[in-house]
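query.pdb follows (PDB, C-alpha atoms, pLDDT in the B column):
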ATOM      1  CA  MET T   1       0.000   0.000   0.000  1.00 55.00           C
ATOM      2  CA  ALA T   2       1.325   3.441  -0.877  1.00 58.00           C
ATOM      3  CA  ARG T   3       1.887   6.015   1.807  1.00 62.00           C
ATOM      4  CA  VAL T   4       1.482   9.762   1.419  1.00 57.00           C
ATOM      5  CA  VAL T   5       4.260  12.026   2.634  1.00 54.00           C
ATOM      6  CA  THR T   6       4.803  15.768   2.657  1.00 55.00           C
ATOM      7  CA  VAL T   7       6.743  16.875  -0.406  1.00 56.00           C
ATOM      8  CA  SER T   8      10.464  17.564  -0.230  1.00 54.00           C
ATOM      9  CA  ILE T   9      12.847  18.794  -2.864  1.00 51.00           C
ATOM     10  CA  GLU T  10      14.631  15.411  -2.878  1.00 52.00           C
ATOM     11  CA  SER T  11      11.441  13.444  -3.486  1.00 55.00           C
ATOM     12  CA  MET T  12      10.354  15.831  -6.237  1.00 51.00           C
ATOM     13  CA  HIS T  13      13.574  15.206  -8.178  1.00 48.00           C
ATOM     14  CA  ARG T  14      12.608  11.503  -8.277  1.00 52.00           C
ATOM     15  CA  ALA T  15       9.228  12.480  -9.727  1.00 52.00           C
ATOM     16  CA  GLY T  16      10.780  13.884 -12.905  1.00 48.00           C
ATOM     17  CA  ALA T  17       8.961  11.340 -15.087  1.00 39.00           C
ATOM     18  CA  ILE T  18       5.570  12.748 -14.140  1.00 52.00           C
ATOM     19  CA  GLU T  19       4.628  15.528 -16.566  1.00 55.00           C
ATOM     20  CA  ASN T  20       4.181  19.117 -15.365  1.00 63.00           C
ATOM     21  CA  VAL T  21       5.802  18.488 -11.979  1.00 63.00           C
ATOM     22  CA  THR T  22       8.718  20.844 -12.643  1.00 74.00           C
ATOM     23  CA  GLN T  23       6.463  23.813 -13.388  1.00 76.00           C
ATOM     24  CA  ASN T  24       4.293  23.143 -10.362  1.00 73.00           C
ATOM     25  CA  LEU T  25       7.344  22.635  -8.155  1.00 77.00           C
ATOM     26  CA  GLU T  26       8.478  26.129  -9.164  1.00 82.00           C
ATOM     27  CA  ILE T  27       5.090  27.535  -8.104  1.00 82.00           C
ATOM     28  CA  TRP T  28       5.283  25.637  -4.820  1.00 83.00           C
ATOM     29  CA  CYS T  29       8.857  26.898  -4.226  1.00 87.00           C
ATOM     30  CA  ARG T  30       7.846  30.524  -4.890  1.00 91.00           C
ATOM     31  CA  THR T  31       4.699  30.416  -2.741  1.00 88.00           C
ATOM     32  CA  PRO T  32       4.883  27.440  -0.352  1.00 87.00           C
ATOM     33  CA  GLU T  33       2.705  29.258   2.153  1.00 89.00           C
ATOM     34  CA  GLN T  34      -0.111  29.315  -0.436  1.00 89.00           C
ATOM     35  CA  CYS T  35       0.041  25.716  -1.671  1.00 89.00           C
ATOM     36  CA  PHE T  36      -0.263  22.141  -0.565  1.00 89.00           C
ATOM     37  CA  HIS T  37       1.872  19.680  -2.479  1.00 86.00           C
ATOM     38  CA  PHE T  38       2.014  16.018  -1.507  1.00 90.00           C
ATOM     39  CA  VAL T  39       3.797  12.988  -2.928  1.00 91.00           C
ATOM     40  CA  ALA T  40       2.710   9.357  -2.684  1.00 94.00           C
ATOM     41  CA  GLU T  41       5.502   6.809  -2.514  1.00 94.00           C
ATOM     42  CA  SER T  42       5.473   3.045  -2.729  1.00 92.00           C
ATOM     43  CA  GLU T  43       8.608   1.073  -1.892  1.00 91.00           C
ATOM     44  CA  GLY T  44      10.710   4.244  -2.172  1.00 90.00           C
ATOM     45  CA  GLU T  45       9.368   5.187  -5.608  1.00 91.00           C
ATOM     46  CA  VAL T  46       7.185   8.218  -6.349  1.00 92.00           C
ATOM     47  CA  VAL T  47       3.842   6.927  -7.644  1.00 94.00           C
ATOM     48  CA  GLY T  48       1.691  10.049  -7.370  1.00 93.00           C
ATOM     49  CA  VAL T  49       1.680  13.790  -6.759  1.00 89.00           C
ATOM     50  CA  ILE T  50      -0.929  16.447  -6.082  1.00 91.00           C
ATOM     51  CA  LEU T  51      -0.697  20.245  -5.940  1.00 90.00           C
ATOM     52  CA  VAL T  52      -3.413  22.633  -4.810  1.00 91.00           C
ATOM     53  CA  LYS T  53      -2.473  26.278  -5.399  1.00 88.00           C
ATOM     54  CA  TYR T  54      -3.895  29.079  -3.274  1.00 86.00           C
ATOM     55  CA  PHE T  55      -5.862  26.412  -1.348  1.00 89.00           C
ATOM     56  CA  TRP T  56      -8.595  26.271  -4.025  1.00 90.00           C
ATOM     57  CA  ASN T  57      -6.993  25.388  -7.401  1.00 88.00           C
ATOM     58  CA  LEU T  58      -6.291  21.666  -7.755  1.00 90.00           C
ATOM     59  CA  CYS T  59      -3.936  22.046 -10.696  1.00 83.00           C
ATOM     60  CA  SER T  60      -2.027  18.767 -10.680  1.00 86.00           C
ATOM     61  CA  LEU T  61      -2.908  15.216  -9.801  1.00 91.00           C
ATOM     62  CA  PHE T  62      -0.805  12.505 -11.356  1.00 88.00           C
ATOM     63  CA  VAL T  63      -0.612   8.817 -10.510  1.00 93.00           C
ATOM     64  CA  ALA T  64       1.845   6.544 -12.297  1.00 93.00           C
ATOM     65  CA  PRO T  65       0.025   4.187 -14.692  1.00 92.00           C
ATOM     66  CA  GLU T  66       1.195   1.077 -12.848  1.00 93.00           C
ATOM     67  CA  ALA T  67      -0.172   2.511  -9.572  1.00 94.00           C
ATOM     68  CA  GLN T  68      -3.589   3.600 -10.853  1.00 93.00           C
ATOM     69  CA  ARG T  69      -6.803   2.043  -9.533  1.00 93.00           C
ATOM     70  CA  CYS T  70      -5.155   1.359  -6.153  1.00 94.00           C
ATOM     71  CA  GLY T  71      -6.696   4.268  -4.226  1.00 96.00           C
ATOM     72  CA  ILE T  72      -3.647   6.529  -4.418  1.00 96.00           C
ATOM     73  CA  GLY T  73      -5.387   9.342  -6.331  1.00 96.00           C
ATOM     74  CA  LYS T  74      -8.349   9.197  -3.969  1.00 96.00           C
ATOM     75  CA  LYS T  75      -6.079   9.331  -0.923  1.00 96.00           C
ATOM     76  CA  LEU T  76      -4.121  12.283  -2.340  1.00 96.00           C
ATOM     77  CA  VAL T  77      -7.322  14.218  -3.129  1.00 96.00           C
ATOM     78  CA  HIS T  78      -8.750  13.558   0.343  1.00 95.00           C
ATOM     79  CA  LEU T  79      -5.492  14.608   2.006  1.00 94.00           C
ATOM     80  CA  ALA T  80      -5.235  17.809  -0.046  1.00 92.00           C
ATOM     81  CA  THR T  81      -8.884  18.820   0.343  1.00 92.00           C
ATOM     82  CA  HIS T  82      -8.715  18.231   4.094  1.00 91.00           C
ATOM     83  CA  ALA T  83      -5.500  20.307   4.338  1.00 91.00           C
ATOM     84  CA  CYS T  84      -7.115  23.178   2.373  1.00 89.00           C
ATOM     85  CA  ARG T  85     -10.285  23.289   4.449  1.00 89.00           C
ATOM     86  CA  GLY T  86     -10.815  26.773   5.898  1.00 88.00           C
ATOM     87  CA  LYS T  87      -7.772  28.321   4.202  1.00 89.00           C
ATOM     88  CA  SER T  88      -9.424  29.897   1.132  1.00 86.00           C
ATOM     89  CA  PRO T  89     -12.208  32.469   0.979  1.00 84.00           C
ATOM     90  CA  LYS T  90     -13.625  30.527  -2.006  1.00 85.00           C
ATOM     91  CA  GLN T  91     -14.797  27.688   0.279  1.00 82.00           C
ATOM     92  CA  ALA T  92     -14.455  25.243  -2.628  1.00 86.00           C
ATOM     93  CA  ILE T  93     -11.745  23.547  -4.655  1.00 89.00           C
ATOM     94  CA  TYR T  94     -11.860  24.027  -8.416  1.00 89.00           C
ATOM     95  CA  LEU T  95     -10.113  22.069 -11.158  1.00 88.00           C
ATOM     96  CA  ASN T  96     -10.132  21.397 -14.864  1.00 83.00           C
ATOM     97  CA  ALA T  97     -10.337  17.719 -15.705  1.00 83.00           C
ATOM     98  CA  ALA T  98      -9.925  15.705 -18.856  1.00 81.00           C
ATOM     99  CA  ALA T  99     -13.150  14.002 -19.929  1.00 84.00           C
ATOM    100  CA  SER T 100     -11.667  10.653 -18.904  1.00 86.00           C
ATOM    101  CA  ALA T 101     -11.184  11.902 -15.313  1.00 89.00           C
ATOM    102  CA  VAL T 102     -14.629  13.433 -14.729  1.00 90.00           C
ATOM    103  CA  SER T 103     -16.132  10.245 -13.279  1.00 93.00           C
ATOM    104  CA  PHE T 104     -13.185   9.935 -10.859  1.00 95.00           C
ATOM    105  CA  TYR T 105     -13.770  13.435  -9.501  1.00 93.00           C
ATOM    106  CA  LYS T 106     -17.557  12.962  -9.405  1.00 94.00           C
ATOM    107  CA  ALA T 107     -17.081   9.847  -7.265  1.00 95.00           C
ATOM    108  CA  LEU T 108     -15.113  12.013  -4.821  1.00 94.00           C
ATOM    109  CA  GLY T 109     -17.934  14.552  -4.579  1.00 93.00           C
ATOM    110  CA  PHE T 110     -16.842  17.141  -7.132  1.00 92.00           C
ATOM    111  CA  VAL T 111     -19.634  18.712  -9.166  1.00 91.00           C
ATOM    112  CA  PRO T 112     -19.089  19.410 -12.895  1.00 86.00           C
ATOM    113  CA  ARG T 113     -19.639  22.912 -14.239  1.00 81.00           C
ATOM    114  CA  GLU T 114     -20.224  23.876 -17.841  1.00 74.00           C
ATOM    115  CA  SER T 115     -17.035  24.764 -19.707  1.00 67.00           C
ATOM    116  CA  ASN T 116     -15.983  25.216 -23.312  1.00 61.00           C
ATOM    117  CA  GLN T 117     -12.408  24.258 -22.480  1.00 59.00           C
ATOM    118  CA  GLN T 118     -11.326  20.879 -23.858  1.00 57.00           C
ATOM    119  CA  LEU T 119      -8.486  19.034 -22.161  1.00 50.00           C
ATOM    120  CA  PRO T 120      -6.663  16.023 -23.604  1.00 48.00           C
TER
END

Kindly present the structure from the file in C-alpha cells form.
Amino acid sequence: MARVVTVSIESMHRAGAIENVTQNLEIWCRTPEQCFHFVAESEGEVVGVILVKYFWNLCSLFVAPEAQRCGIGKKLVHLATHACRGKSPKQAIYLNAAASAVSFYKALGFVPRESNQQLP
C-alpha cells in the first residue's frame, strides 16, 4: 500500500517522469505558504503527486500508470482537500479535468460545471 508524505525537494527530483511536476514545483517553491503539495511513494518510488495552489486550485494530480486504480489518487485528493479546508475564501476547490477523469472526480464529490475548455 502506498503512503502519502509531505513533499520535499529530494522526493520531487525523483518524480521527474511525471509531466508538469517541474512547473508546479516552481510555483510551490515561490509560494509554499499558499500551496499544498504532496507525494505518494510506494517502496521508495514516487507513484503520485498532487498540488493545490492558493488552497482552491487543484492544478495537478498525477498517478503513475502502474499505480492507478489502487486508491492513491483518492487518498491524495482527500489529504489535499482536508489540508485546504478553511484556508481559502472561495470555500471550494476548483479544477479542470480531462473528460476521462470526470467520473473519478464525481465519485469524490466534485460537481461538474459547464465549460468550453477541452483538455486532452

Just checking: using only C-alpha atoms, which residue out of T:Trp28, T:Phe104, T:Phe36, T:Phe110 ends up closest to Gly73 of chain T? T:Phe104

Quick one: pull the distance between atom CA of Leu108 of chain T and atom CA of Thr81 of chain T, Å, one decimal. 10.6 Å

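Using only C-alpha atoms for every distance, the candidate list T:Ala97, T:Val111, T:Leu76, T:Leu51 yields T:Leu51 as the residue closest to Thr31 of chain T.
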
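Minimum atom-to-atom distance to Tyr105 of chain T, evaluated using all atoms listed in the file, belongs to T:Ile93 out of T:Val49, T:Val39, T:Ala64, T:Ile93.
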
Measure the distance from atom CA of Pro112 of chain T to atom CA of Val46 of chain T in Å and round it to one decimal.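 Between atom CA of Pro112 of chain T and atom CA of Val46 of chain T the gap is 29.3 Å.
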
Give as a PDB file with C-alpha atoms, keeping the file's coordinate frame the residues that the PyMOL selection byres ((chain T and resi 59) around 12) matches when applied to the coordinates above.
ATOM      1  CA  ASN T  20       4.181  19.117 -15.365  1.00 63.00           C
ATOM      2  CA  VAL T  21       5.802  18.488 -11.979  1.00 63.00           C
ATOM      3  CA  GLN T  23       6.463  23.813 -13.388  1.00 76.00           C
ATOM      4  CA  ASN T  24       4.293  23.143 -10.362  1.00 73.00           C
ATOM      5  CA  LEU T  25       7.344  22.635  -8.155  1.00 77.00           C
ATOM      6  CA  ILE T  27       5.090  27.535  -8.104  1.00 82.00           C
ATOM      7  CA  TRP T  28       5.283  25.637  -4.820  1.00 83.00           C
ATOM      8  CA  CYS T  35       0.041  25.716  -1.671  1.00 89.00           C
ATOM      9  CA  PHE T  36      -0.263  22.141  -0.565  1.00 89.00           C
ATOM     10  CA  HIS T  37       1.872  19.680  -2.479  1.00 86.00           C
ATOM     11  CA  VAL T  49       1.680  13.790  -6.759  1.00 89.00           C
ATOM     12  CA  ILE T  50      -0.929  16.447  -6.082  1.00 91.00           C
ATOM     13  CA  LEU T  51      -0.697  20.245  -5.940  1.00 90.00           C
ATOM     14  CA  VAL T  52      -3.413  22.633  -4.810  1.00 91.00           C
ATOM     15  CA  LYS T  53      -2.473  26.278  -5.399  1.00 88.00           C
ATOM     16  CA  TYR T  54      -3.895  29.079  -3.274  1.00 86.00           C
ATOM     17  CA  PHE T  55      -5.862  26.412  -1.348  1.00 89.00           C
ATOM     18  CA  TRP T  56      -8.595  26.271  -4.025  1.00 90.00           C
ATOM     19  CA  ASN T  57      -6.993  25.388  -7.401  1.00 88.00           C
ATOM     20  CA  LEU T  58      -6.291  21.666  -7.755  1.00 90.00           C
ATOM     21  CA  SER T  60      -2.027  18.767 -10.680  1.00 86.00           C
ATOM     22  CA  LEU T  61      -2.908  15.216  -9.801  1.00 91.00           C
ATOM     23  CA  PHE T  62      -0.805  12.505 -11.356  1.00 88.00           C
ATOM     24  CA  VAL T  77      -7.322  14.218  -3.129  1.00 96.00           C
ATOM     25  CA  ALA T  80      -5.235  17.809  -0.046  1.00 92.00           C
ATOM     26  CA  ILE T  93     -11.745  23.547  -4.655  1.00 89.00           C
ATOM     27  CA  TYR T  94     -11.860  24.027  -8.416  1.00 89.00           C
ATOM     28  CA  LEU T  95     -10.113  22.069 -11.158  1.00 88.00           C
ATOM     29  CA  ASN T  96     -10.132  21.397 -14.864  1.00 83.00           C
ATOM     30  CA  ALA T  97     -10.337  17.719 -15.705  1.00 83.00           C
ATOM     31  CA  ALA T  98      -9.925  15.705 -18.856  1.00 81.00           C
TER      32      ALA T  98
END

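Nearest to Phe38 of chain T of all the residues T:Leu79, T:Ala107, T:Ala92, T:Ala99 is T:Leu79, based on all atoms listed in the file.
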
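Atom pair atom CA of Cys70 of chain T / atom CA of Gly44 of chain T: separated by 16.6 Å.
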